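Enquirer: One file: model.txt (compact mmCIF, C-alpha atoms and all ligand atoms).
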```
# COMPACT_ATOMS: atom_id res chain seq x y z
CA MET A 18 64.85 -75.48 -102.12
CA ASN A 19 67.84 -74.21 -100.21
CA VAL A 20 67.93 -73.32 -96.54
CA GLU A 21 67.48 -69.59 -97.18
CA GLU A 22 64.32 -70.12 -99.17
CA LEU A 23 63.05 -72.46 -96.47
CA SER A 24 63.69 -69.85 -93.77
CA ASN A 25 61.83 -67.20 -95.75
CA LYS A 26 58.90 -69.51 -96.26
CA LEU A 27 58.78 -70.37 -92.56
CA GLU A 28 58.83 -66.67 -91.67
CA ALA A 29 56.03 -66.00 -94.13
CA LEU A 30 53.97 -68.86 -92.62
CA ALA A 31 54.59 -67.52 -89.12
CA SER A 32 53.35 -64.04 -89.98
CA LEU A 33 50.25 -65.46 -91.70
CA ALA A 34 49.51 -67.59 -88.65
CA VAL A 35 50.12 -64.74 -86.21
CA ALA A 36 47.79 -62.48 -88.19
CA ALA A 37 45.07 -65.14 -88.38
CA LEU A 38 45.33 -65.91 -84.66
CA ALA A 39 45.06 -62.24 -83.75
CA GLU A 40 41.66 -62.21 -85.45
CA ALA A 41 40.37 -65.57 -84.16
CA PRO A 42 36.97 -64.83 -82.59
CA ARG A 43 36.60 -67.89 -80.33
CA ARG A 44 38.78 -70.48 -78.59
CA GLU A 45 37.78 -73.19 -81.09
CA ASP A 46 38.90 -70.96 -83.99
CA ALA A 47 42.28 -70.27 -82.36
CA ILE A 48 42.84 -73.98 -81.71
CA GLN A 49 41.91 -74.86 -85.26
CA ILE A 50 44.25 -72.24 -86.73
CA LYS A 51 47.13 -73.35 -84.54
CA ASN A 52 46.60 -76.99 -85.58
CA SER A 53 46.49 -76.12 -89.25
CA TYR A 54 50.04 -74.76 -88.87
CA LEU A 55 51.59 -76.82 -86.08
CA GLY A 56 49.59 -80.05 -86.18
CA ARG A 57 51.06 -83.35 -87.35
CA LYS A 58 49.75 -82.70 -90.86
CA GLY A 59 50.09 -78.92 -90.56
CA GLN A 60 51.75 -76.55 -92.95
CA VAL A 61 55.00 -76.20 -90.97
CA GLN A 62 55.48 -79.96 -90.79
CA ASP A 63 54.74 -80.17 -94.49
CA LEU A 64 57.39 -77.61 -95.31
CA MET A 65 59.98 -79.41 -93.21
CA LYS A 66 59.77 -82.46 -95.49
CA VAL A 67 62.44 -80.79 -97.57
CA LEU A 68 64.85 -81.26 -94.67
CA ARG A 69 66.06 -84.54 -96.06
CA ASP A 70 67.16 -82.87 -99.31
CA LEU A 71 69.32 -80.33 -97.49
CA ALA A 72 73.01 -80.56 -97.03
CA HIS A 73 74.00 -81.82 -93.61
CA GLU A 74 75.44 -78.48 -92.40
CA ASP A 75 72.27 -76.61 -93.48
CA ARG A 76 69.97 -78.79 -91.43
CA ARG A 77 70.89 -77.11 -88.17
CA LEU A 78 69.99 -73.70 -89.60
CA ALA A 79 66.71 -75.10 -90.94
CA GLY A 80 65.93 -76.52 -87.49
CA GLN A 81 66.53 -73.13 -85.89
CA ALA A 82 64.28 -71.43 -88.41
CA SER A 83 61.53 -73.97 -87.81
CA ASN A 84 61.77 -73.53 -84.02
CA ALA A 85 61.53 -69.75 -84.36
CA CYS A 86 58.46 -70.17 -86.54
CA LYS A 87 56.82 -72.56 -84.03
CA GLN A 88 57.57 -70.28 -81.11
CA ALA A 89 56.06 -67.30 -82.88
CA ILE A 90 52.86 -69.21 -83.64
CA GLU A 91 52.72 -70.77 -80.13
CA GLY A 92 53.19 -67.32 -78.58
CA ALA A 93 50.46 -65.74 -80.70
CA PHE A 94 48.15 -68.63 -79.81
CA GLU A 95 48.69 -68.24 -76.05
CA ALA A 96 48.22 -64.50 -76.27
CA ARG A 97 44.98 -64.91 -78.19
CA MET A 98 43.61 -67.48 -75.73
CA ARG A 99 44.35 -65.13 -72.83
CA ALA A 100 42.68 -62.25 -74.62
CA ILE A 101 39.56 -64.34 -75.35
CA ALA A 102 39.38 -65.38 -71.68
CA GLU A 103 39.60 -61.78 -70.59
CA GLN A 104 36.91 -60.69 -73.04
CA GLU A 105 34.64 -63.45 -71.78
CA LEU A 106 35.15 -62.43 -68.19
CA GLU A 107 34.40 -58.84 -69.00
CA ARG A 108 31.28 -59.77 -70.89
CA LYS A 109 30.10 -61.93 -67.97
CA MET A 110 30.72 -59.17 -65.48
CA ARG A 111 28.79 -56.78 -67.64
CA GLU A 112 25.86 -59.12 -68.28
CA GLU A 113 25.57 -60.56 -64.80
CA ALA A 114 25.97 -57.28 -62.99
CA VAL A 115 23.45 -56.91 -60.16
CA ASP A 116 21.29 -53.85 -60.32
CA ILE A 117 21.25 -52.84 -56.69
CA THR A 118 18.59 -50.22 -57.35
CA LEU A 119 15.92 -52.87 -58.15
CA PRO A 120 13.28 -53.38 -55.44
CA ALA A 121 13.91 -56.54 -53.36
CA ARG A 122 11.67 -59.58 -53.60
CA PRO A 123 9.55 -59.89 -50.46
CA LEU A 124 11.00 -62.44 -48.01
CA GLN A 125 8.69 -65.22 -46.86
CA ALA A 126 9.06 -65.18 -43.08
CA SER A 127 8.78 -68.69 -41.65
CA MET A 128 6.54 -69.49 -38.72
CA GLY A 129 5.76 -72.53 -36.62
CA HIS A 130 3.65 -75.33 -38.08
CA PRO A 131 -0.02 -74.89 -37.03
CA LEU A 132 0.18 -78.04 -34.89
CA ARG A 133 3.26 -76.70 -33.14
CA GLN A 134 1.52 -73.35 -32.59
CA ILE A 135 -1.44 -75.06 -30.94
CA GLU A 136 0.85 -77.34 -28.91
CA GLN A 137 2.73 -74.27 -27.63
CA GLU A 138 -0.57 -72.63 -26.71
CA LEU A 139 -1.69 -75.71 -24.76
CA ILE A 140 1.64 -75.93 -22.95
CA ALA A 141 1.50 -72.23 -22.07
CA ILE A 142 -1.98 -72.62 -20.52
CA PHE A 143 -0.76 -75.42 -18.24
CA GLU A 144 2.52 -73.70 -17.42
CA GLU A 145 0.48 -70.77 -16.11
CA MET A 146 -1.13 -73.25 -13.73
CA GLY A 147 2.26 -74.44 -12.51
CA PHE A 148 2.76 -77.55 -14.63
CA GLU A 149 6.26 -78.18 -16.01
CA VAL A 150 7.14 -79.95 -19.25
CA ALA A 151 8.47 -83.54 -19.11
CA GLU A 152 9.30 -85.70 -22.12
CA GLY A 153 9.64 -89.39 -22.88
CA PRO A 154 10.85 -91.53 -25.79
CA GLU A 155 8.70 -92.36 -28.81
CA ILE A 156 10.18 -95.85 -28.95
CA GLU A 157 8.83 -97.39 -25.76
CA SER A 158 8.85 -100.72 -24.02
CA ASP A 159 5.73 -102.80 -23.44
CA TYR A 160 6.34 -102.17 -19.74
CA PHE A 161 5.94 -98.37 -19.82
CA ASN A 162 3.32 -98.24 -22.58
CA PHE A 163 1.07 -100.99 -21.13
CA GLU A 164 2.16 -103.09 -18.20
CA ALA A 165 2.94 -100.35 -15.64
CA LEU A 166 -0.28 -98.64 -16.74
CA ASN A 167 -2.33 -101.60 -15.55
CA PHE A 168 -3.21 -103.02 -18.97
CA PRO A 169 -3.97 -106.71 -18.53
CA PRO A 170 -1.84 -108.92 -20.82
CA ASP A 171 -4.84 -109.65 -23.06
CA HIS A 172 -6.23 -106.10 -23.21
CA PRO A 173 -7.51 -105.27 -26.72
CA ALA A 174 -5.47 -102.03 -26.85
CA ARG A 175 -2.35 -104.21 -27.07
CA ASP A 176 -3.71 -105.69 -30.27
CA MET A 177 -1.23 -105.69 -33.13
CA GLN A 178 -3.77 -103.82 -35.25
CA ASP A 179 -3.42 -100.70 -33.12
CA THR A 180 0.15 -100.91 -31.95
CA PHE A 181 3.18 -100.64 -34.19
CA MET A 182 5.45 -103.30 -32.67
CA LEU A 183 9.17 -103.00 -33.40
CA ASP A 184 10.06 -106.37 -31.90
CA ASP A 185 8.79 -108.50 -28.99
CA GLU A 186 9.61 -105.86 -26.41
CA ARG A 187 9.76 -102.50 -28.18
CA LEU A 188 6.97 -100.51 -29.81
CA LEU A 189 6.05 -97.01 -30.97
CA ARG A 190 4.18 -95.52 -28.02
CA THR A 191 0.43 -95.48 -28.59
CA HIS A 192 -0.14 -92.60 -26.15
CA THR A 193 1.84 -90.18 -23.96
CA SER A 194 0.70 -91.95 -20.78
CA PRO A 195 4.01 -93.88 -20.41
CA VAL A 196 5.52 -90.51 -19.44
CA GLN A 197 3.24 -90.63 -16.37
CA VAL A 198 5.07 -93.74 -15.21
CA ARG A 199 8.50 -92.38 -16.08
CA THR A 200 7.95 -89.18 -14.11
CA MET A 201 6.36 -90.95 -11.14
CA GLN A 202 9.43 -93.21 -10.96
CA SER A 203 12.01 -90.44 -11.19
CA TYR A 204 10.52 -87.16 -9.88
CA GLU A 205 10.12 -86.06 -6.28
CA LEU A 206 6.55 -85.67 -5.03
CA PRO A 207 4.44 -83.66 -5.47
CA ILE A 208 4.38 -83.92 -9.27
CA ARG A 209 2.76 -81.53 -11.68
CA VAL A 210 3.86 -82.18 -15.28
CA ILE A 211 2.61 -81.75 -18.79
CA SER A 212 4.03 -83.96 -21.53
CA PRO A 213 3.59 -83.12 -25.22
CA GLY A 214 4.69 -85.47 -27.96
CA ARG A 215 4.09 -87.74 -30.93
CA VAL A 216 2.17 -90.97 -30.61
CA TYR A 217 1.47 -93.76 -33.12
CA ARG A 218 -1.48 -95.95 -33.95
CA CYS A 219 -2.19 -98.10 -36.94
CA ASP A 220 -5.22 -96.11 -38.04
CA SER A 221 -5.90 -93.68 -40.88
CA ASP A 222 -8.87 -91.69 -42.25
CA ILE A 223 -10.00 -88.05 -42.35
CA THR A 224 -9.94 -87.76 -38.56
CA HIS A 225 -7.20 -90.33 -37.75
CA SER A 226 -3.54 -90.29 -38.65
CA PRO A 227 -1.03 -93.09 -37.90
CA VAL A 228 1.10 -90.46 -36.18
CA PHE A 229 -0.51 -87.73 -34.13
CA HIS A 230 0.14 -85.61 -31.07
CA GLN A 231 -1.02 -85.70 -27.50
CA VAL A 232 -0.48 -83.56 -24.46
CA GLU A 233 -0.50 -85.59 -21.26
CA GLY A 234 -1.16 -84.03 -17.88
CA LEU A 235 -0.26 -85.56 -14.53
CA LEU A 236 -0.67 -84.30 -10.99
CA VAL A 237 0.17 -86.34 -7.88
CA ASP A 238 0.00 -85.01 -4.34
CA GLU A 239 -1.74 -85.60 -1.02
CA HIS A 240 -5.51 -85.04 -0.97
CA VAL A 241 -5.99 -84.65 -4.74
CA THR A 242 -9.65 -85.07 -5.63
CA PHE A 243 -11.81 -85.52 -8.69
CA GLY A 244 -12.95 -81.94 -8.06
CA ASP A 245 -9.36 -80.78 -8.65
CA LEU A 246 -9.35 -82.59 -11.98
CA LYS A 247 -12.66 -81.03 -13.00
CA GLY A 248 -11.61 -77.54 -11.94
CA THR A 249 -8.31 -77.82 -13.80
CA LEU A 250 -10.05 -78.93 -16.99
CA GLN A 251 -12.78 -76.29 -16.70
CA HIS A 252 -10.13 -73.59 -16.39
CA PHE A 253 -8.24 -75.10 -19.33
CA ALA A 254 -11.35 -75.20 -21.56
CA GLU A 255 -12.01 -71.51 -20.98
CA ARG A 256 -8.39 -70.49 -21.60
CA CYS A 257 -8.26 -72.61 -24.75
CA PHE A 258 -11.70 -72.09 -26.29
CA GLY A 259 -12.88 -68.84 -24.73
CA GLU A 260 -14.50 -67.65 -21.52
CA GLY A 261 -17.76 -69.35 -20.61
CA THR A 262 -16.95 -72.54 -22.61
CA PRO A 263 -18.68 -75.31 -20.65
CA ILE A 264 -17.27 -78.81 -20.13
CA ARG A 265 -19.09 -82.07 -19.57
CA LEU A 266 -17.66 -85.24 -18.03
CA ARG A 267 -18.91 -88.61 -19.20
CA PRO A 268 -18.04 -91.85 -17.37
CA SER A 269 -15.51 -93.86 -19.30
CA PHE A 270 -12.87 -96.52 -18.84
CA PHE A 271 -9.07 -96.53 -19.02
CA PRO A 272 -7.03 -99.27 -17.34
CA PHE A 273 -4.81 -96.69 -15.62
CA THR A 274 -7.46 -94.38 -14.18
CA GLU A 275 -10.37 -95.04 -11.81
CA PRO A 276 -12.81 -93.44 -12.06
CA SER A 277 -12.31 -92.31 -15.65
CA ALA A 278 -14.06 -89.66 -17.66
CA GLU A 279 -14.20 -88.53 -21.22
CA VAL A 280 -14.39 -84.77 -21.40
CA ASP A 281 -16.43 -82.78 -23.92
CA VAL A 282 -16.42 -79.03 -24.46
CA GLY A 283 -19.50 -77.15 -25.55
CA CYS A 284 -19.34 -76.97 -29.37
CA ILE A 285 -17.38 -73.84 -30.22
CA PHE A 286 -19.16 -73.49 -33.57
CA CYS A 287 -22.81 -73.53 -32.53
CA ARG A 288 -22.31 -72.75 -28.82
CA GLY A 289 -24.38 -75.78 -27.90
CA GLU A 290 -27.24 -75.23 -30.36
CA GLY A 291 -26.32 -78.31 -32.40
CA CYS A 292 -24.54 -78.29 -35.76
CA ARG A 293 -22.83 -80.66 -38.20
CA VAL A 294 -19.43 -80.48 -36.50
CA CYS A 295 -20.83 -81.70 -33.16
CA SER A 296 -23.29 -84.12 -34.82
CA HIS A 297 -26.11 -81.95 -33.41
CA SER A 298 -25.20 -82.88 -29.85
CA GLY A 299 -23.82 -79.48 -28.87
CA TRP A 300 -20.70 -81.18 -27.43
CA ILE A 301 -17.29 -82.16 -28.78
CA GLU A 302 -14.99 -84.69 -27.13
CA ILE A 303 -11.45 -83.45 -26.60
CA LEU A 304 -9.75 -85.57 -23.97
CA GLY A 305 -9.65 -88.62 -21.73
CA SER A 306 -8.98 -88.30 -18.02
CA GLY A 307 -9.38 -89.80 -14.59
CA MET A 308 -7.99 -90.38 -11.11
CA ILE A 309 -4.80 -92.41 -11.25
CA ASP A 310 -5.52 -96.04 -10.48
CA PRO A 311 -3.95 -97.12 -7.14
CA ASN A 312 -2.30 -100.03 -9.00
CA VAL A 313 -0.46 -97.54 -11.22
CA LEU A 314 0.73 -95.52 -8.22
CA SER A 315 2.01 -98.68 -6.48
CA ALA A 316 3.72 -99.95 -9.63
CA SER A 317 5.74 -96.71 -9.60
CA GLY A 318 6.56 -96.96 -5.90
CA ILE A 319 4.06 -94.34 -4.67
CA ASP A 320 1.92 -95.13 -1.62
CA PRO A 321 -1.74 -94.95 -2.73
CA GLN A 322 -2.85 -94.68 0.90
CA ARG A 323 -1.12 -91.36 1.22
CA TYR A 324 -1.09 -89.96 -2.31
CA SER A 325 -3.62 -89.59 -5.06
CA GLY A 326 -3.57 -87.87 -8.42
CA PHE A 327 -5.23 -87.24 -11.70
CA ALA A 328 -4.16 -87.52 -15.33
CA PHE A 329 -5.53 -86.52 -18.66
CA GLY A 330 -4.58 -86.94 -22.30
CA LEU A 331 -5.48 -84.38 -24.91
CA GLY A 332 -5.42 -84.81 -28.70
CA VAL A 333 -3.53 -81.87 -30.22
CA GLU A 334 -4.90 -82.44 -33.75
CA ARG A 335 -8.42 -82.48 -32.34
CA VAL A 336 -7.95 -79.13 -30.66
CA ALA A 337 -6.16 -77.71 -33.73
CA MET A 338 -8.97 -78.82 -36.08
CA LEU A 339 -11.53 -77.12 -33.83
CA LYS A 340 -9.62 -73.93 -33.20
CA LEU A 341 -8.42 -73.50 -36.78
CA GLY A 342 -11.54 -74.80 -38.51
CA VAL A 343 -9.70 -77.60 -40.36
CA ASN A 344 -11.83 -80.59 -41.35
CA ASP A 345 -9.24 -83.07 -42.67
CA ILE A 346 -6.41 -84.16 -40.37
CA ARG A 347 -4.18 -85.09 -43.32
CA LEU A 348 -3.81 -81.41 -44.26
CA PHE A 349 -1.48 -81.05 -41.27
CA TYR A 350 1.04 -83.52 -42.70
CA GLU A 351 1.11 -82.66 -46.41
CA ASN A 352 3.33 -79.58 -46.03
CA ASP A 353 1.36 -77.74 -48.69
CA LEU A 354 2.40 -74.10 -48.32
CA ARG A 355 -1.00 -72.88 -49.50
CA PHE A 356 -2.45 -74.55 -46.40
CA LEU A 357 0.35 -73.72 -43.95
CA GLU A 358 0.50 -70.04 -44.95
CA GLN A 359 -3.04 -69.49 -43.69
CA PHE A 360 -1.87 -69.72 -40.09
N1 LIG A 401 -3.90 -92.24 -22.85
C1 LIG A 401 -5.29 -92.13 -23.13
C2 LIG A 401 -5.53 -92.22 -24.63
O1 LIG A 401 -4.61 -92.11 -25.38
C3 LIG A 401 -5.86 -90.81 -22.65
C4 LIG A 401 -5.78 -90.67 -21.16
C5 LIG A 401 -4.70 -90.07 -20.57
C6 LIG A 401 -6.83 -91.11 -20.35
C7 LIG A 401 -4.63 -89.92 -19.19
C8 LIG A 401 -6.79 -90.95 -18.98
C9 LIG A 401 -5.70 -90.36 -18.43
O2 LIG A 401 -6.64 -92.43 -25.09
```
Let's see the structure in the file written out as structure tokens.
Expert:
Amino acid sequence: MNVEELSNKLEALASLAVAALAEAPRREDAIQIKNSYLGRKGQVQDLMKVLRDLAHEDRRLAGQASNACKQAIEGAFEARMRAIAEQELERKMREEAVDITLPARPLQASMGHPLRQIEQELIAIFEEMGFEVAEGPEIESDYFNFEALNFPPDHPARDMQDTFMLDDERLLRTHTSPVQVRTMQSYELPIRVISPGRVYRCDSDITHSPVFHQVEGLLVDEHVTFGDLKGTLQHFAERCFGEGTPIRLRPSFFPFTEPSAEVDVGCIFCRGEGCRVCSHSGWIEILGSGMIDPNVLSASGIDPQRYSGFAFGLGVERVAMLKLGVNDIRLFYENDLRFLEQF
């Protein structure tokens, strides 16, 4: 083969390749066609084996012809790849076009968690009466959670079974009462605060959860009486559970209040007739309360000769279960939308 024949053959190969590439349907096809011509074992390489038989002066011409052939194929390949990319883009735009005339899917508006809704309601009732919100930490010291609240060192409520201890000194607060101490130590008198928040106890069944919520109330001033406590709670019960809802105070004990009372509201389901929810007693317990123990006032630097006060602690889950008719406390924590959406 002489150099002229070689050039002709290379040109013929190039036009075959260019034609094939122009028709290649997909990227893989284009790549495969290009390789069959330009690859290490491709047809162009194969043809160039004759180079060694050519006269020295013809080799340069043969090289030029081979380069021209490669460039033509390379060029056709690039052009085809660009065209395929463009076609793909066009197809995508066509297929994924958004039909703006379709009706929109309804948006699910979010709302507060039922516990938060009830908590807000409780806070609002006390704010109307002039209480302001105060908050304290969930990780507390033994001092604020127990000692300053007049718990003797061996009081059963300090038992490890109830309290989640973090180390010797720190614990997860078992009630919101430590906020009483914190506000008495840092606020100016008179004090009228309400303190909502999470509390923790090692306890769990259909009416107990290891984490739950309380709303603490605290009022300290001159001449505060047990009658003030009762009147405040009576007003609260009617605002929360409806006009005419009666309350009943039963003697009780808390280390930080004296005297202490547990407070029941007339069962909101049977209106006192007796039903399953109130165990046929007509009453449902909702909070603990009492007059602040003089020891607790003194421990916070308040003169018990001059000042007195009352406090109460309300279980938010308890109120929520009653008001919303929920009979398993765990439903509040499972985040099941079918449950949450009902409120
Ligand atoms: N801290 C008490 C409890 O968790 C409730 C309480 C608060 C009682 C304030 C009296 C006064 O059971």
Enquirer: Let me see if you get this right: every residue at most 10 Å from ligand LIG 401 (chain A), counting only C-alpha atoms and all ligand atoms, written as number ranges by chain.
Expert: A: 162, 166, 174, 190-195, 197, 216-218, 230-235, 269-280, 304-310, 327-332
Enquirer: Go ahead and dump the residues you just picked, C-alpha atoms, as an mmCIF file, in the coordinates of the input.
Expert:
```
data_model
loop_
_atom_site.group_PDB
_atom_site.id
_atom_site.type_symbol
_atom_site.label_atom_id
_atom_site.label_comp_id
_atom_site.auth_asym_id
_atom_site.auth_seq_id
_atom_site.Cartn_x
_atom_site.Cartn_y
_atom_site.Cartn_z
ATOM 1 C CA ASN A 162 3.320 -98.240 -22.580
ATOM 2 C CA LEU A 166 -0.280 -98.640 -16.740
ATOM 3 C CA ALA A 174 -5.470 -102.030 -26.850
ATOM 4 C CA ARG A 190 4.180 -95.520 -28.020
ATOM 5 C CA THR A 191 0.430 -95.480 -28.590
ATOM 6 C CA HIS A 192 -0.140 -92.600 -26.150
ATOM 7 C CA THR A 193 1.840 -90.180 -23.960
ATOM 8 C CA SER A 194 0.700 -91.950 -20.780
ATOM 9 C CA PRO A 195 4.010 -93.880 -20.410
ATOM 10 C CA GLN A 197 3.240 -90.630 -16.370
ATOM 11 C CA VAL A 216 2.170 -90.970 -30.610
ATOM 12 C CA TYR A 217 1.470 -93.760 -33.120
ATOM 13 C CA ARG A 218 -1.480 -95.950 -33.950
ATOM 14 C CA HIS A 230 0.140 -85.610 -31.070
ATOM 15 C CA GLN A 231 -1.020 -85.700 -27.500
ATOM 16 C CA VAL A 232 -0.480 -83.560 -24.460
ATOM 17 C CA GLU A 233 -0.500 -85.590 -21.260
ATOM 18 C CA GLY A 234 -1.160 -84.030 -17.880
ATOM 19 C CA LEU A 235 -0.260 -85.560 -14.530
ATOM 20 C CA SER A 269 -15.510 -93.860 -19.300
ATOM 21 C CA PHE A 270 -12.870 -96.520 -18.840
ATOM 22 C CA PHE A 271 -9.070 -96.530 -19.020
ATOM 23 C CA PRO A 272 -7.030 -99.270 -17.340
ATOM 24 C CA PHE A 273 -4.810 -96.690 -15.620
ATOM 25 C CA THR A 274 -7.460 -94.380 -14.180
ATOM 26 C CA GLU A 275 -10.370 -95.040 -11.810
ATOM 27 C CA PRO A 276 -12.810 -93.440 -12.060
ATOM 28 C CA SER A 277 -12.310 -92.310 -15.650
ATOM 29 C CA ALA A 278 -14.060 -89.660 -17.660
ATOM 30 C CA GLU A 279 -14.200 -88.530 -21.220
ATOM 31 C CA VAL A 280 -14.390 -84.770 -21.400
ATOM 32 C CA LEU A 304 -9.750 -85.570 -23.970
ATOM 33 C CA GLY A 305 -9.650 -88.620 -21.730
ATOM 34 C CA SER A 306 -8.980 -88.300 -18.020
ATOM 35 C CA GLY A 307 -9.380 -89.800 -14.590
ATOM 36 C CA MET A 308 -7.990 -90.380 -11.110
ATOM 37 C CA ILE A 309 -4.800 -92.410 -11.250
ATOM 38 C CA ASP A 310 -5.520 -96.040 -10.480
ATOM 39 C CA PHE A 327 -5.230 -87.240 -11.700
ATOM 40 C CA ALA A 328 -4.160 -87.520 -15.330
ATOM 41 C CA PHE A 329 -5.530 -86.520 -18.660
ATOM 42 C CA GLY A 330 -4.580 -86.940 -22.300
ATOM 43 C CA LEU A 331 -5.480 -84.380 -24.910
ATOM 44 C CA GLY A 332 -5.420 -84.810 -28.700
#
```
Enquirer: May I have the protein, DNA and RNA residues with any atom at most 12 Å from the point (1.0, -73.8, -25.8), counting all atoms listed in the file, written as an MDAnalysis selection string?
Expert: chainID A and resid 129 131:145 148:150 211:213 232 253 256:257 333 336:337
Enquirer: Just the selected residues (C-alpha atoms), exported as an mmCIF file, in the coordinates of the input, please.
Expert:
```cif
data_model
loop_
_atom_site.group_PDB
_atom_site.id
_atom_site.type_symbol
_atom_site.label_atom_id
_atom_site.label_comp_id
_atom_site.auth_asym_id
_atom_site.auth_seq_id
_atom_site.Cartn_x
_atom_site.Cartn_y
_atom_site.Cartn_z
ATOM 1 C CA GLY A 129 5.760 -72.530 -36.620
ATOM 2 C CA PRO A 131 -0.020 -74.890 -37.030
ATOM 3 C CA LEU A 132 0.180 -78.040 -34.890
ATOM 4 C CA ARG A 133 3.260 -76.700 -33.140
ATOM 5 C CA GLN A 134 1.520 -73.350 -32.590
ATOM 6 C CA ILE A 135 -1.440 -75.060 -30.940
ATOM 7 C CA GLU A 136 0.850 -77.340 -28.910
ATOM 8 C CA GLN A 137 2.730 -74.270 -27.630
ATOM 9 C CA GLU A 138 -0.570 -72.630 -26.710
ATOM 10 C CA LEU A 139 -1.690 -75.710 -24.760
ATOM 11 C CA ILE A 140 1.640 -75.930 -22.950
ATOM 12 C CA ALA A 141 1.500 -72.230 -22.070
ATOM 13 C CA ILE A 142 -1.980 -72.620 -20.520
ATOM 14 C CA PHE A 143 -0.760 -75.420 -18.240
ATOM 15 C CA GLU A 144 2.520 -73.700 -17.420
ATOM 16 C CA GLU A 145 0.480 -70.770 -16.110
ATOM 17 C CA PHE A 148 2.760 -77.550 -14.630
ATOM 18 C CA GLU A 149 6.260 -78.180 -16.010
ATOM 19 C CA VAL A 150 7.140 -79.950 -19.250
ATOM 20 C CA ILE A 211 2.610 -81.750 -18.790
ATOM 21 C CA SER A 212 4.030 -83.960 -21.530
ATOM 22 C CA PRO A 213 3.590 -83.120 -25.220
ATOM 23 C CA VAL A 232 -0.480 -83.560 -24.460
ATOM 24 C CA PHE A 253 -8.240 -75.100 -19.330
ATOM 25 C CA ARG A 256 -8.390 -70.490 -21.600
ATOM 26 C CA CYS A 257 -8.260 -72.610 -24.750
ATOM 27 C CA VAL A 333 -3.530 -81.870 -30.220
ATOM 28 C CA VAL A 336 -7.950 -79.130 -30.660
ATOM 29 C CA ALA A 337 -6.160 -77.710 -33.730
#
```
Enquirer: Just want the 12 Å neighbourhood of Lys66 (chain A), counted on only C-alpha atoms, with same-chain residues fewer than 2 positions away dropped. Output as a list in words.
Expert: Met18, Leu23, Arg57, Lys58, Gly59, Gln60, Val61, Gln62, Asp63, Leu64, Leu68, Arg69, Asp70, Leu71, Arg76, Ala79, Gly80 and Ser83 of chain A
Enquirer: Between CA of Leu188 (chain A) and CA of Ser158 (chain A), measure the distance and give it in Å to one decimal.
Expert: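 So the answer is 6.1 Å.
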Enquirer: List the spatial neighbours of Pro207 (chain A) as a ChimeraX atom specification - criterion: any atom at most 8 Å away, all atoms listed in the file, same-chain residues fewer than 6 positions off excluded.
Expert: /A:236-239
Enquirer: List every protein, DNA or RNA residue with an atom no more than 6 Å from (-16.6, -81.7, -27.8) in the file's coordinates, counting all atoms listed in the file, and format the result as a PyMOL selection string.
Expert: chain A and resi 281-284+300-303
Enquirer: So which one's closest to Ala93 (chain A), A:Thr118, A:Asn167, A:Gln81, A:Ser32? Using all atoms listed in the file, please.
Expert: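 For Ala93 (chain A), the nearest of the given residues is A:Ser32.
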Enquirer: Smallest atom-to-atom distance to Arg335 (chain A): which of A:Met201, A:Ile208, A:Ser226, A:Asn25, using only C-alpha atoms?
Expert: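 For Arg335 (chain A), the nearest of the given residues is A:Ser226.
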Enquirer: Between A:Ala121, A:Met338, A:Ala96, A:Val210, which is the closest to Gly147 (chain A) once you count only C-alpha atoms?
Expert: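 Counting only C-alpha atoms, the residue closest to Gly147 (chain A) is A:Val210.
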Enquirer: With 3 Å added on each side, what axis-aligned box encloses every listed atom of region 149-155 of chain A? Give the centre and edge lengths in Å to one decimal, as JSON.
Expert:
```
{"center_x": 8.6, "center_y": -85.3, "center_z": -22.4, "size_x": 10.6, "size_y": 20.2, "size_z": 18.8}
```
Enquirer: Quick one: pull the distance between CA of Pro42 (chain A) and CA of Leu55 (chain A), Å, one decimal.
Expert: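 Value for the CA of Pro42 (chain A)-CA of Leu55 (chain A) distance: 19.2 Å.
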Enquirer: Quick check, in Å to one decimal: how far apart do CA of Lys26 (chain A) and CA of Ile48 (chain A) lie?
Expert: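 Computing the Euclidean distance for CA of Lys26 (chain A) and CA of Ile48 (chain A) yields 22.1 Å.
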Enquirer: Of the candidates A:His240, A:His130, A:Arg97, A:Arg108, which one gets nearest to Phe349 (chain A) if we count only C-alpha atoms?
Expert: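 Closest to Phe349 (chain A), using only C-alpha atoms: A:His130.
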